[in-house]
>>> print(open('data37.txt').read())   # compact mmCIF, C-alpha atoms and all ligand atoms
# COMPACT_ATOMS: atom_id res chain seq x y z
CA SER X 155 0.00 0.00 0.00
CA ARG X 156 1.03 3.61 -0.48
CA SER X 157 2.89 4.86 2.55
CA TYR X 158 3.62 8.45 3.56
CA THR X 159 5.36 10.20 6.41
CA VAL X 160 3.56 13.34 7.56
CA THR X 161 5.20 15.71 10.00
CA LEU X 162 2.69 17.32 12.34
CA LEU X 163 3.57 20.67 13.89
CA PRO X 164 0.76 21.46 16.35
CA GLY X 165 2.41 24.64 17.66
CA ASP X 166 0.64 26.93 20.10
CA GLY X 167 -2.77 28.14 21.23
CA ILE X 168 -5.53 26.45 19.26
CA GLY X 169 -2.88 24.73 17.08
CA PRO X 170 -2.89 21.40 19.00
CA GLU X 171 -6.73 21.41 19.17
CA VAL X 172 -7.20 21.78 15.41
CA ILE X 173 -4.31 19.48 14.48
CA SER X 174 -5.78 16.67 16.54
CA VAL X 175 -9.03 16.90 14.53
CA ALA X 176 -7.20 17.02 11.18
CA LYS X 177 -5.00 14.07 12.11
CA ASN X 178 -8.05 11.92 12.89
CA ALA X 179 -9.61 12.87 9.56
CA LEU X 180 -6.41 11.97 7.70
CA GLN X 181 -6.16 8.67 9.53
CA LEU X 182 -9.73 7.72 8.67
CA VAL X 183 -9.56 8.53 4.96
CA ALA X 184 -6.20 6.77 4.82
CA SER X 185 -7.74 3.54 6.07
CA GLN X 186 -10.54 3.90 3.50
CA GLU X 187 -8.11 4.50 0.65
CA GLY X 188 -5.66 1.81 1.71
CA VAL X 189 -3.01 4.41 2.41
CA ASP X 190 -0.61 4.19 5.31
CA PHE X 191 0.37 7.34 7.22
CA LYS X 192 3.25 7.61 9.61
CA PHE X 193 2.73 10.74 11.69
CA LYS X 194 5.70 12.40 13.31
CA GLU X 195 4.81 15.14 15.76
CA MET X 196 7.52 17.77 16.30
CA PRO X 197 7.75 20.93 18.41
CA MET X 198 7.73 24.34 16.81
CA GLY X 199 6.94 27.94 17.73
CA GLY X 200 6.38 28.82 21.38
CA ALA X 201 6.11 25.15 22.31
CA ALA X 202 9.59 24.59 20.89
CA LEU X 203 10.95 27.71 22.62
CA ASP X 204 9.77 26.40 25.98
CA LEU X 205 11.15 22.94 25.27
CA THR X 206 14.44 23.67 23.49
CA GLY X 207 15.07 27.44 23.60
CA VAL X 208 14.59 28.01 19.86
CA PRO X 209 11.40 28.38 17.78
CA LEU X 210 12.50 25.94 15.09
CA PRO X 211 14.77 23.18 16.42
CA GLU X 212 17.08 21.57 13.84
CA GLU X 213 15.39 18.20 14.49
CA THR X 214 12.04 19.71 13.54
CA LEU X 215 13.32 21.17 10.27
CA SER X 216 15.12 17.97 9.32
CA ALA X 217 12.07 15.84 10.15
CA ALA X 218 9.98 18.17 7.99
CA LYS X 219 12.46 17.94 5.12
CA ASP X 220 12.56 14.15 5.37
CA SER X 221 8.78 13.75 5.25
CA ASP X 222 6.32 13.65 2.37
CA ALA X 223 4.28 16.58 3.67
CA VAL X 224 4.05 18.87 6.69
CA LEU X 225 0.85 19.93 8.47
CA LEU X 226 1.09 22.95 10.78
CA GLY X 227 -1.49 24.18 13.28
CA ALA X 228 -0.51 27.68 14.33
CA ILE X 229 2.19 29.36 16.38
CA GLY X 230 2.49 32.39 18.64
CA GLY X 231 1.04 33.74 21.86
CA TYR X 232 1.23 36.50 24.46
CA LYS X 233 3.90 34.69 26.42
CA TRP X 234 6.50 35.12 23.68
CA ASP X 235 5.31 38.42 22.17
CA ASN X 236 8.13 40.46 23.70
CA ASN X 237 10.91 38.01 22.87
CA GLU X 238 13.84 39.22 20.81
CA LYS X 239 13.23 38.69 17.13
CA HIS X 240 15.29 35.51 16.74
CA LEU X 241 13.41 34.00 19.68
CA LYS X 242 9.88 34.69 18.47
CA PRO X 243 7.56 31.84 17.45
CA GLU X 244 6.88 33.75 14.22
CA THR X 245 10.59 33.62 13.36
CA GLY X 246 10.36 29.83 13.51
CA LEU X 247 7.50 29.91 11.03
CA LEU X 248 9.48 32.08 8.59
CA GLN X 249 12.46 29.76 9.05
CA ILE X 250 10.52 26.63 8.16
CA ARG X 251 8.99 28.31 5.08
CA ALA X 252 12.47 29.38 3.98
CA GLY X 253 14.00 26.02 4.97
CA LEU X 254 11.49 24.08 2.88
CA LYS X 255 11.77 26.72 0.10
CA VAL X 256 7.98 26.86 -0.21
CA PHE X 257 7.73 30.11 -2.14
CA ALA X 258 4.18 29.66 -3.45
CA ASN X 259 1.35 29.95 -0.93
CA LEU X 260 -2.08 29.05 -2.32
CA ARG X 261 -4.93 30.47 -0.25
CA PRO X 262 -8.35 29.65 -1.70
CA ALA X 263 -11.37 31.61 -0.47
CA THR X 264 -14.68 30.05 -1.42
CA VAL X 265 -18.10 31.02 -0.15
CA LEU X 266 -19.81 27.72 0.60
CA PRO X 267 -23.57 27.79 -0.01
CA GLN X 268 -24.07 26.57 3.58
CA LEU X 269 -22.20 29.58 4.95
CA VAL X 270 -23.53 32.51 2.92
CA ASP X 271 -25.28 33.76 6.05
CA ALA X 272 -22.03 33.68 8.02
CA SER X 273 -20.48 36.30 5.73
CA THR X 274 -20.65 39.88 6.93
CA LEU X 275 -21.31 40.93 3.32
CA LYS X 276 -24.76 41.03 1.76
CA LYS X 277 -25.91 37.67 0.43
CA GLU X 278 -25.89 38.81 -3.21
CA VAL X 279 -22.30 40.10 -2.84
CA ALA X 280 -20.90 37.01 -1.09
CA ASP X 281 -22.89 34.27 -2.83
CA GLY X 282 -20.76 32.35 -5.32
CA VAL X 283 -17.39 33.93 -4.50
CA ASP X 284 -14.58 31.56 -5.46
CA LEU X 285 -11.12 33.07 -5.58
CA MET X 286 -7.53 32.02 -5.05
CA VAL X 287 -4.82 34.20 -3.57
CA VAL X 288 -1.35 33.15 -4.75
CA ARG X 289 0.93 34.71 -2.17
CA GLU X 290 4.71 34.90 -2.59
CA LEU X 291 5.98 33.40 0.68
CA THR X 292 9.76 33.42 0.96
CA GLY X 293 10.72 36.92 -0.17
CA GLY X 294 9.74 40.55 0.05
CA ILE X 295 9.79 42.66 3.20
CA TYR X 296 9.60 39.59 5.45
CA PHE X 297 13.11 38.56 4.41
CA GLY X 298 14.67 41.63 2.72
CA LYS X 299 17.95 43.12 3.89
CA PRO X 300 18.99 45.53 5.27
CA ARG X 301 16.72 45.24 8.25
CA GLY X 302 17.07 45.93 11.92
CA PHE X 303 17.18 48.63 14.54
CA GLY X 304 19.47 51.65 14.60
CA THR X 305 19.57 55.38 15.11
CA ASN X 306 18.81 58.19 12.72
CA GLU X 307 20.67 61.51 12.27
CA ASN X 308 18.81 62.94 15.27
CA GLY X 309 19.97 60.08 17.45
CA GLU X 310 16.46 58.72 17.53
CA GLU X 311 15.82 54.97 17.52
CA ILE X 312 14.67 53.53 14.19
CA GLY X 313 13.42 50.18 12.97
CA PHE X 314 13.78 49.43 9.27
CA ASN X 315 12.93 46.76 6.69
CA THR X 316 13.44 46.34 2.98
CA GLU X 317 10.96 45.25 0.35
CA VAL X 318 13.06 43.50 -2.27
CA TYR X 319 12.26 41.13 -5.12
CA ALA X 320 14.66 39.63 -7.65
CA THR X 321 13.52 38.69 -11.14
CA TYR X 322 13.71 34.95 -10.44
CA GLU X 323 11.47 35.30 -7.41
CA ILE X 324 8.84 37.21 -9.36
CA ASP X 325 9.03 34.87 -12.34
CA ARG X 326 8.56 31.67 -10.38
CA ILE X 327 5.55 32.92 -8.39
CA ALA X 328 4.04 34.47 -11.53
CA ARG X 329 4.33 31.13 -13.34
CA VAL X 330 2.56 29.33 -10.50
CA ALA X 331 -0.16 32.00 -10.64
CA PHE X 332 -0.62 31.85 -14.44
CA GLU X 333 -0.84 28.07 -14.26
CA THR X 334 -3.29 28.26 -11.35
CA ALA X 335 -5.48 30.74 -13.25
CA ARG X 336 -5.34 28.53 -16.35
CA LYS X 337 -6.81 25.61 -14.37
CA ARG X 338 -9.50 27.87 -12.90
CA ARG X 339 -11.47 30.52 -14.82
CA GLY X 340 -8.51 31.93 -16.76
CA LYS X 341 -8.37 35.32 -15.05
CA LEU X 342 -5.32 36.60 -13.17
CA CYS X 343 -5.14 39.89 -11.26
CA SER X 344 -1.66 40.94 -10.14
CA VAL X 345 -1.81 43.16 -7.08
CA ASP X 346 1.04 45.56 -6.34
CA LYS X 347 1.97 49.12 -5.39
CA ALA X 348 3.79 49.93 -8.63
CA ASN X 349 2.79 53.60 -8.37
CA VAL X 350 5.17 53.97 -5.42
CA LEU X 351 7.47 50.99 -4.83
CA GLU X 352 10.39 49.95 -7.05
CA ALA X 353 9.99 46.30 -6.04
CA SER X 354 6.41 46.53 -7.34
CA MET X 355 7.52 48.26 -10.56
CA LEU X 356 9.79 45.31 -11.35
CA TRP X 357 7.02 42.92 -10.28
CA ARG X 358 4.54 44.48 -12.72
CA LYS X 359 7.10 44.53 -15.55
CA ARG X 360 8.00 40.84 -15.16
CA VAL X 361 4.39 39.69 -14.76
CA THR X 362 3.44 41.65 -17.89
CA GLU X 363 6.33 40.13 -19.86
CA LEU X 364 5.51 36.57 -18.78
CA ALA X 365 1.87 37.03 -19.80
CA SER X 366 2.84 36.50 -23.45
CA GLU X 367 3.58 32.85 -22.56
CA TYR X 368 0.02 32.43 -21.24
CA PRO X 369 -2.20 33.90 -23.99
CA ASP X 370 -5.18 31.95 -22.64
CA VAL X 371 -5.00 33.82 -19.32
CA GLU X 372 -6.52 37.28 -19.07
CA LEU X 373 -4.12 39.41 -16.99
CA SER X 374 -5.02 42.60 -15.14
CA HIS X 375 -3.14 44.74 -12.62
CA MET X 376 -4.48 46.48 -9.55
CA TYR X 377 -2.97 48.65 -6.82
CA VAL X 378 -3.25 46.99 -3.44
CA ASP X 379 -5.31 49.76 -1.83
CA ASN X 380 -7.90 49.50 -4.61
CA ALA X 381 -7.77 45.69 -4.39
CA ALA X 382 -8.59 45.84 -0.66
CA MET X 383 -11.63 47.95 -1.53
CA GLN X 384 -12.69 45.90 -4.58
CA LEU X 385 -12.59 42.67 -2.53
CA ILE X 386 -15.39 44.04 -0.37
CA ARG X 387 -17.23 45.96 -3.12
CA ASN X 388 -17.46 43.10 -5.62
CA PRO X 389 -15.41 40.02 -4.73
CA LYS X 390 -16.89 38.01 -7.64
CA GLN X 391 -14.76 40.00 -10.10
CA PHE X 392 -11.72 38.01 -8.87
CA ASP X 393 -10.58 34.57 -9.96
CA THR X 394 -6.86 34.26 -9.21
CA ILE X 395 -4.90 37.00 -7.43
CA VAL X 396 -1.08 37.01 -7.37
CA THR X 397 0.74 39.25 -4.96
CA ASN X 398 3.78 39.70 -2.75
CA ASN X 399 4.32 38.29 0.71
CA ILE X 400 2.88 41.08 2.85
CA PHE X 401 -0.01 42.12 0.59
CA GLY X 402 -0.99 38.44 0.30
CA ASP X 403 -0.96 38.08 4.07
CA ILE X 404 -3.34 41.00 4.50
CA LEU X 405 -5.63 40.37 1.53
CA SER X 406 -6.13 36.70 2.41
CA ASP X 407 -7.31 37.57 5.93
CA GLU X 408 -9.66 40.10 4.33
CA ALA X 409 -10.89 37.52 1.82
CA SER X 410 -11.55 35.03 4.64
CA MET X 411 -14.24 37.24 6.07
CA ILE X 412 -16.14 37.21 2.77
CA THR X 413 -16.44 33.44 3.23
CA GLY X 414 -17.73 33.71 6.79
CA SER X 415 -14.70 33.12 8.99
CA ILE X 416 -10.95 32.89 9.07
CA GLY X 417 -11.63 29.56 10.78
CA MET X 418 -12.54 28.14 7.36
CA LEU X 419 -9.53 29.07 5.22
CA ALA X 420 -6.85 26.55 4.34
CA SER X 421 -3.54 26.96 2.57
CA ALA X 422 -0.86 25.06 0.72
CA SER X 423 2.74 26.25 0.50
CA LEU X 424 4.71 24.66 -2.29
CA GLY X 425 8.24 24.82 -3.66
CA GLU X 426 9.93 23.50 -6.82
CA SER X 427 10.43 20.14 -5.12
CA GLY X 428 10.36 18.59 -1.67
CA PRO X 429 7.54 18.43 0.84
CA GLY X 430 4.82 21.06 0.91
CA LEU X 431 3.74 22.86 4.06
CA PHE X 432 0.01 22.95 4.77
CA GLU X 433 -1.58 25.25 7.30
CA PRO X 434 -4.75 27.16 8.06
CA ILE X 435 -4.31 30.88 7.36
CA HIS X 436 -5.38 31.81 10.88
CA GLY X 437 -3.14 32.13 13.90
CA SER X 438 -3.06 30.57 17.35
CA ALA X 439 -6.15 32.54 18.50
CA PRO X 440 -4.94 33.01 22.09
CA ASP X 441 -8.29 34.62 22.97
CA ILE X 442 -10.10 31.28 22.57
CA ALA X 443 -7.25 28.77 23.07
CA GLY X 444 -7.84 25.91 25.48
CA GLN X 445 -11.61 26.51 25.51
CA ASP X 446 -12.62 24.00 22.82
CA LYS X 447 -14.08 26.85 20.74
CA ALA X 448 -11.82 26.82 17.69
CA ASN X 449 -13.15 25.99 14.27
CA PRO X 450 -11.03 23.03 13.09
CA LEU X 451 -12.32 23.12 9.49
CA ALA X 452 -9.53 25.38 8.15
CA THR X 453 -7.03 22.77 9.30
CA VAL X 454 -9.16 19.85 8.09
CA LEU X 455 -9.34 21.55 4.68
CA SER X 456 -5.57 22.13 4.84
CA ALA X 457 -5.24 18.38 5.34
CA ALA X 458 -7.33 17.96 2.17
CA MET X 459 -4.92 20.30 0.35
CA LEU X 460 -2.06 18.19 1.72
CA LEU X 461 -3.62 15.10 0.17
CA LYS X 462 -4.30 16.82 -3.14
CA TYR X 463 -1.27 19.08 -3.69
CA GLY X 464 1.22 17.35 -1.42
CA LEU X 465 0.62 13.65 -2.10
CA GLY X 466 -1.52 13.54 -5.25
CA GLU X 467 -4.17 11.60 -3.30
CA GLU X 468 -7.10 13.34 -5.02
CA LYS X 469 -9.76 10.86 -3.97
CA ALA X 470 -8.89 11.06 -0.30
CA ALA X 471 -8.85 14.85 -0.56
CA GLN X 472 -12.32 14.83 -2.09
CA ARG X 473 -13.56 12.58 0.70
CA ILE X 474 -12.45 15.12 3.29
CA GLU X 475 -13.93 18.07 1.39
CA ALA X 476 -17.23 16.25 0.93
CA ALA X 477 -17.31 15.39 4.64
CA VAL X 478 -16.84 19.04 5.60
CA LEU X 479 -19.76 20.05 3.37
CA ASP X 480 -21.87 17.22 4.74
CA THR X 481 -21.14 18.25 8.34
CA LEU X 482 -22.21 21.80 7.51
CA ASP X 483 -25.30 20.46 5.71
CA ARG X 484 -26.21 18.59 8.87
CA GLY X 485 -26.22 21.93 10.69
CA TYR X 486 -23.09 21.75 12.86
CA ARG X 487 -21.37 25.10 13.50
CA THR X 488 -18.57 26.37 15.71
CA GLY X 489 -19.14 29.82 17.24
CA ASP X 490 -17.35 31.75 14.48
CA ILE X 491 -19.77 30.51 11.78
CA TYR X 492 -22.86 30.06 13.93
CA SER X 493 -26.24 31.45 12.99
CA ALA X 494 -29.58 31.04 14.75
CA GLY X 495 -31.35 27.69 14.52
CA LEU X 496 -28.20 25.65 13.88
CA LYS X 497 -26.23 23.32 16.18
CA LEU X 498 -23.50 25.14 18.09
CA VAL X 499 -20.59 22.80 18.86
CA GLY X 500 -17.01 22.99 20.06
CA CYS X 501 -13.85 22.01 18.24
CA LYS X 502 -13.88 18.37 19.41
CA GLU X 503 -17.51 17.75 18.57
CA MET X 504 -17.10 19.35 15.16
CA GLY X 505 -14.21 16.96 14.60
CA GLU X 506 -16.33 13.96 15.61
CA GLU X 507 -19.09 15.03 13.22
CA VAL X 508 -16.57 15.32 10.37
CA LEU X 509 -15.43 11.76 11.11
CA LYS X 510 -19.05 10.57 11.02
CA SER X 511 -19.50 12.25 7.65
CA ILE X 512 -16.36 10.61 6.31
CA GLU X 513 -17.75 7.23 7.41
CA CYS X 514 -21.27 7.85 6.06
CA LYS X 515 -20.07 9.01 2.69
CA VAL X 516 -18.17 5.79 2.21
CA ALA X 517 -21.15 3.74 3.30
CA ALA X 518 -23.23 5.66 0.74
CA ALA X 519 -20.73 5.28 -2.09
P1 LIG Y 1 -5.54 34.94 14.84
O1 LIG Y 1 -5.81 34.47 13.47
O2 LIG Y 1 -4.89 34.00 15.76
O3 LIG Y 1 -6.91 35.41 15.52
C1 LIG Y 1 -7.70 36.48 14.99
C2 LIG Y 1 -9.15 36.32 15.47
O4 LIG Y 1 -9.73 35.23 14.75
C3 LIG Y 1 -9.27 35.99 16.95
O5 LIG Y 1 -10.41 36.61 17.47
C4 LIG Y 1 -9.45 34.48 16.95
O6 LIG Y 1 -10.17 33.98 18.05
C5 LIG Y 1 -10.20 34.25 15.63
N1 LIG Y 1 -9.87 32.93 15.08
C6 LIG Y 1 -8.72 32.57 14.47
N2 LIG Y 1 -8.75 31.28 14.11
C7 LIG Y 1 -9.94 30.80 14.51
C8 LIG Y 1 -10.56 29.53 14.42
N3 LIG Y 1 -9.95 28.47 13.86
N4 LIG Y 1 -11.81 29.40 14.94
C9 LIG Y 1 -12.45 30.43 15.49
N5 LIG Y 1 -11.91 31.66 15.60
C10 LIG Y 1 -10.66 31.84 15.11
O7 LIG Y 1 -4.69 36.29 14.70
P2 LIG Y 1 -4.01 37.22 15.83
O8 LIG Y 1 -4.90 37.30 17.00
O9 LIG Y 1 -3.61 38.43 15.13
O10 LIG Y 1 -2.68 36.46 16.22
C11 LIG Y 1 -2.56 35.59 17.34
C12 LIG Y 1 -1.20 34.91 17.32
O11 LIG Y 1 -1.12 34.03 16.21
C13 LIG Y 1 -0.02 35.87 17.17
O12 LIG Y 1 1.02 35.39 17.98
C14 LIG Y 1 0.34 35.78 15.70
O13 LIG Y 1 1.68 36.08 15.43
C15 LIG Y 1 0.04 34.34 15.44
N6 LIG Y 1 -0.27 33.99 14.05
C16 LIG Y 1 0.22 32.80 13.61
C17 LIG Y 1 -0.11 32.35 12.36
C18 LIG Y 1 0.39 31.02 11.91
O14 LIG Y 1 0.81 30.23 12.73
N7 LIG Y 1 0.36 30.71 10.64
C19 LIG Y 1 -0.96 33.12 11.56
C20 LIG Y 1 -1.45 34.33 12.03
C21 LIG Y 1 -1.10 34.76 13.29
C1 LIG Y 2 0.26 33.92 8.31
C2 LIG Y 2 0.78 34.67 9.51
C3 LIG Y 2 2.30 34.78 9.43
C4 LIG Y 2 2.64 35.63 8.22
C5 LIG Y 2 3.00 35.35 10.69
C6 LIG Y 2 2.55 34.67 11.94
C7 LIG Y 2 4.49 35.27 10.54
O1 LIG Y 2 0.16 35.91 9.63
O2 LIG Y 2 0.65 32.77 8.11
O3 LIG Y 2 -0.57 34.46 7.57
O4 LIG Y 2 2.64 36.87 8.29
O5 LIG Y 2 2.93 35.04 7.17
MN MN Y 3 -1.51 36.17 8.27
>>> encode(input="data37.txt", output="structure tokens")
Amino acid sequence: SRSYTVTLLPGDGIGPEVISVAKNALQLVASQEGVDFKFKEMPMGGAALDLTGVPLPEETLSAAKDSDAVLLGAIGGYKWDNNEKHLKPETGLLQIRAGLKVFANLRPATVLPQLVDASTLKKEVADGVDLMVVRELTGGIYFGKPRGFGTNENGEEIGFNTEVYATYEIDRIARVAFETARKRRGKLCSVDKANVLEASMLWRKRVTELASEYPDVELSHMYVDNAAMQLIRNPKQFDTIVTNNIFGDILSDEASMITGSIGMLASASLGESGPGLFEPIHGSAPDIAGQDKANPLATVLSAAMLLKYGLGEEKAAQRIEAAVLDTLDRGYRTGDIYSAGLKLVGCKEMGEEVLKSIECKVAAA
């Protein structure tokens, strides 16, 4: 039978709660598909800091590199917020993205028919939204040098960062985006700040040049401030969006709210080769951690992306997606997507209902 090693990185806050649900879902579809999973749980983020003194221990990175795919919960929390930069949980996350060279972060935002009422937008605006943010993940201002703290000419303290993109970085993310758009509805919107930033000027130039290789894809450009507005005004105008690291971070959180909740949005981070990294787009939600309130579906859907994009196990991925829809159809809701008349459940119970749906669907098939 097909056998895979999956590294699990539960992390902090709600991370362990949602990872436990996703792991059970993976295990169950694996048994149905005759696939064998070896799970290896490793510390990362604040949990790793407390255990080993660093946010990404070498053993964790090497385990991740040696596996077929990596599933991450979330990292971060108040306890470590004032740590020096190299000792922040978030630094560990950037290190694993860089270490695995996963430069392409796919963040789909789909309004499920079951959740139209959970969106804060009017029904007619939200209904039918289906977009994909392709976020550059290992470059830009997150990694650019020079960076640091210093003093200015008045002797005042300064903090500084650099937004920088090289041609090869733009080209490879643009290619992923053109190919993604080609498999979807053939529309690509490149979002930048080319009216102000040199890094964006080069970005727009390269994306425009590459477009000639994808004549079947309709390319447009938009400034990021306008894009933030257009996402709320008329999100259905978007199919695939490609953008830099920081704009993609912000716009994908914004897009999540169109769909009802950040607790629903999954992501896949892919490189040229090697294991992909799969994670919900939300954080460790310290405000609800440890209370069994988290929505585990973003992580369950990230596990589906792991099966599809990471392992090529399309059928197993579809089983998980179908089970999520079925659970919603049966009326189960965590607090973030709850509306009157439905069944309010916690993270664990939501997970159990997803497992039931996975079992039922097979019985029905
Ligand atoms: P967050 O995404 O953790 O939380 C924002 C809000 O959304 C909170 O009110 C939270 O309760 C809610 N929320 C998030 N996920 C949810 C879920 N699954 N179900 C229900 N509600 C959910 O963002 P934040 O509060 O800005 O950051 C908290 C910590 O997480 C910080 O330390 C931050 O650095 C970190 N963070 C980590 C990641 C990651 O690990 N990939 C991503 C974003 C933020
Ligand atoms: C995300 C998070 C991270 C990011 C932080 C925690 C480093 O917000 O995964 O979206 O900015 O990429
Ligand atoms: Mn983010």
>>> residues_around(input="data37.txt", residues="segment 297-302 of chain X", least_positions_apart="6", cutoff="12 Å", atoms="all atoms listed in the file", output="PDB file with C-alpha atoms, keeping the file's coordinate frame")
ATOM      1  CA  GLU X 238      13.840  39.220  20.810  1.00  0.00           C
ATOM      2  CA  LYS X 239      13.230  38.690  17.130  1.00  0.00           C
ATOM      3  CA  HIS X 240      15.290  35.510  16.740  1.00  0.00           C
ATOM      4  CA  THR X 245      10.590  33.620  13.360  1.00  0.00           C
ATOM      5  CA  LEU X 248       9.480  32.080   8.590  1.00  0.00           C
ATOM      6  CA  GLN X 249      12.460  29.760   9.050  1.00  0.00           C
ATOM      7  CA  ARG X 251       8.990  28.310   5.080  1.00  0.00           C
ATOM      8  CA  ALA X 252      12.470  29.380   3.980  1.00  0.00           C
ATOM      9  CA  PHE X 257       7.730  30.110  -2.140  1.00  0.00           C
ATOM     10  CA  GLU X 290       4.710  34.900  -2.590  1.00  0.00           C
ATOM     11  CA  LEU X 291       5.980  33.400   0.680  1.00  0.00           C
ATOM     12  CA  GLU X 311      15.820  54.970  17.520  1.00  0.00           C
ATOM     13  CA  ILE X 312      14.670  53.530  14.190  1.00  0.00           C
ATOM     14  CA  GLY X 313      13.420  50.180  12.970  1.00  0.00           C
ATOM     15  CA  PHE X 314      13.780  49.430   9.270  1.00  0.00           C
ATOM     16  CA  ASN X 315      12.930  46.760   6.690  1.00  0.00           C
ATOM     17  CA  THR X 316      13.440  46.340   2.980  1.00  0.00           C
ATOM     18  CA  GLU X 317      10.960  45.250   0.350  1.00  0.00           C
ATOM     19  CA  VAL X 318      13.060  43.500  -2.270  1.00  0.00           C
ATOM     20  CA  TYR X 319      12.260  41.130  -5.120  1.00  0.00           C
ATOM     21  CA  ALA X 320      14.660  39.630  -7.650  1.00  0.00           C
ATOM     22  CA  ALA X 353       9.990  46.300  -6.040  1.00  0.00           C
ATOM     23  CA  ASN X 398       3.780  39.700  -2.750  1.00  0.00           C
ATOM     24  CA  ASN X 399       4.320  38.290   0.710  1.00  0.00           C
ATOM     25  CA  ILE X 400       2.880  41.080   2.850  1.00  0.00           C
TER      26      ILE X 400
END
>>> residues_around(input="data37.txt", residues="Val189 of chain X", least_positions_apart="2", cutoff="7 Å", atoms="all atoms listed in the file", output="short mmCIF file (atom, residue, chain, number, x, y, z; two decimals) with C-alpha atoms, in the coordinates of the input")
data_model
loop_
_atom_site.label_atom_id
_atom_site.label_comp_id
_atom_site.auth_asym_id
_atom_site.auth_seq_id
_atom_site.Cartn_x
_atom_site.Cartn_y
_atom_site.Cartn_z
CA SER X 155 0.00 0.00 0.00
CA ARG X 156 1.03 3.61 -0.48
CA SER X 157 2.89 4.86 2.55
CA ALA X 184 -6.20 6.77 4.82
CA SER X 185 -7.74 3.54 6.07
CA GLU X 187 -8.11 4.50 0.65
CA PHE X 191 0.37 7.34 7.22
#
>>> residues_around(input="data37.txt", residues="Lys347 of chain X", least_positions_apart="2", cutoff="10 Å", atoms="only C-alpha atoms", output="PyMOL selection string")
chain X and resi 345+349-355+357-358+375-380+397-398+401
>>> residues_near_ligand(input="data37.txt", ligand="ligand LIG 1 (chain Y)", cutoff="6 Å", atoms="all atoms listed in the file", output="list in words")
Ala228, Ile229, Gly230, Gly231, Glu244, Ile416, Gly417, Ile435, His436, Gly437, Ser438, Ala439, Pro440, Asp441, Ile442, Ala448, Asn449, Pro450 and Asp490 of chain X
>>> atom_distance(input="data37.txt", atom1="atom CA of Asp346 of chain X", atom2="atom C1 of ligand LIG 2 (chain Y)")
18.7 Å
>>> residues_around(input="data37.txt", residues="Lys447 of chain X", least_positions_apart="4", cutoff="8 Å", atoms="all atoms listed in the file", output="list of chain:residue names")
X:Ile442, X:Ala443, X:Thr488, X:Gly489, X:Val499, X:Gly500, X:Cys501
>>> write_last_selection(input="data37.txt", atoms="C-alpha atoms", output="PDB file, in the coordinates of the input")
ATOM      1  CA  ILE X 442     -10.100  31.280  22.570  1.00  0.00           C
ATOM      2  CA  ALA X 443      -7.250  28.770  23.070  1.00  0.00           C
ATOM      3  CA  THR X 488     -18.570  26.370  15.710  1.00  0.00           C
ATOM      4  CA  GLY X 489     -19.140  29.820  17.240  1.00  0.00           C
ATOM      5  CA  VAL X 499     -20.590  22.800  18.860  1.00  0.00           C
ATOM      6  CA  GLY X 500     -17.010  22.990  20.060  1.00  0.00           C
ATOM      7  CA  CYS X 501     -13.850  22.010  18.240  1.00  0.00           C
TER       8      CYS X 501
END
>>> closest_residue(input="data37.txt", among="X:Asp204, X:Glu307, X:Glu433, X:Asp190", to="ligand MN 3 (chain Y)", atoms="only C-alpha atoms and all ligand atoms")
X:Glu433
>>> residues_near_point(input="data37.txt", point="(12.7, 34.2, 19.7)", cutoff="10 Å", atoms="all atoms listed in the file", output="number ranges by chain")
X: 199-200, 203, 207-210, 234-246
>>> residues_near_point(input="data37.txt", point="(-20.9, 39.6, -0.2)", cutoff="12 Å", atoms="all atoms listed in the file", output="ChimeraX atom specification")
/X:264-266,269-284,384-391,409-414
>>> axis_aligned_box(input="data37.txt", around="segment 430-444 of chain X", padding_each_side="3 Å", output="lines of an AutoDock Vina configuration file")
center_x = -2.6
center_y = 27.8
center_z = 13.2
size_x = 20.9
size_y = 19.6
size_z = 30.6
>>> closest_atom_pairs(input="data37.txt", of="segment 161-250 of chain X", to="segment 474-487 of chain X", cutoff="12 Å", atoms="all atoms listed in the file", output="CSV")
residue,atom,partner,partner_atom,distance
X:Val175,CA,X:Ile474,CA,11.9
X:Ala176,CA,X:Ile474,CA,9.7
X:Lys177,CA,X:Ile474,CA,11.6
X:Asn178,CA,X:Ile474,CA,11.0
X:Ala179,CA,X:Ile474,CA,7.2
X:Leu180,CA,X:Ile474,CA,8.1
X:Gln181,CA,X:Ile474,CA,11.0
X:Leu182,CA,X:Ile474,CA,9.5
X:Val183,CA,X:Ile474,CA,7.4
X:Ala184,CA,X:Ile474,CA,10.5
X:Gln186,CA,X:Ile474,CA,11.4
X:Glu187,CA,X:Ile474,CA,11.8
>>> write_last_selection(input="data37.txt", atoms="C-alpha atoms", output="mmCIF file, in the coordinates of the input")
data_model
loop_
_atom_site.group_PDB
_atom_site.id
_atom_site.type_symbol
_atom_site.label_atom_id
_atom_site.label_comp_id
_atom_site.auth_asym_id
_atom_site.auth_seq_id
_atom_site.Cartn_x
_atom_site.Cartn_y
_atom_site.Cartn_z
ATOM 1 C CA VAL X 175 -9.030 16.900 14.530
ATOM 2 C CA ALA X 176 -7.200 17.020 11.180
ATOM 3 C CA LYS X 177 -5.000 14.070 12.110
ATOM 4 C CA ASN X 178 -8.050 11.920 12.890
ATOM 5 C CA ALA X 179 -9.610 12.870 9.560
ATOM 6 C CA LEU X 180 -6.410 11.970 7.700
ATOM 7 C CA GLN X 181 -6.160 8.670 9.530
ATOM 8 C CA LEU X 182 -9.730 7.720 8.670
ATOM 9 C CA VAL X 183 -9.560 8.530 4.960
ATOM 10 C CA ALA X 184 -6.200 6.770 4.820
ATOM 11 C CA GLN X 186 -10.540 3.900 3.500
ATOM 12 C CA GLU X 187 -8.110 4.500 0.650
#
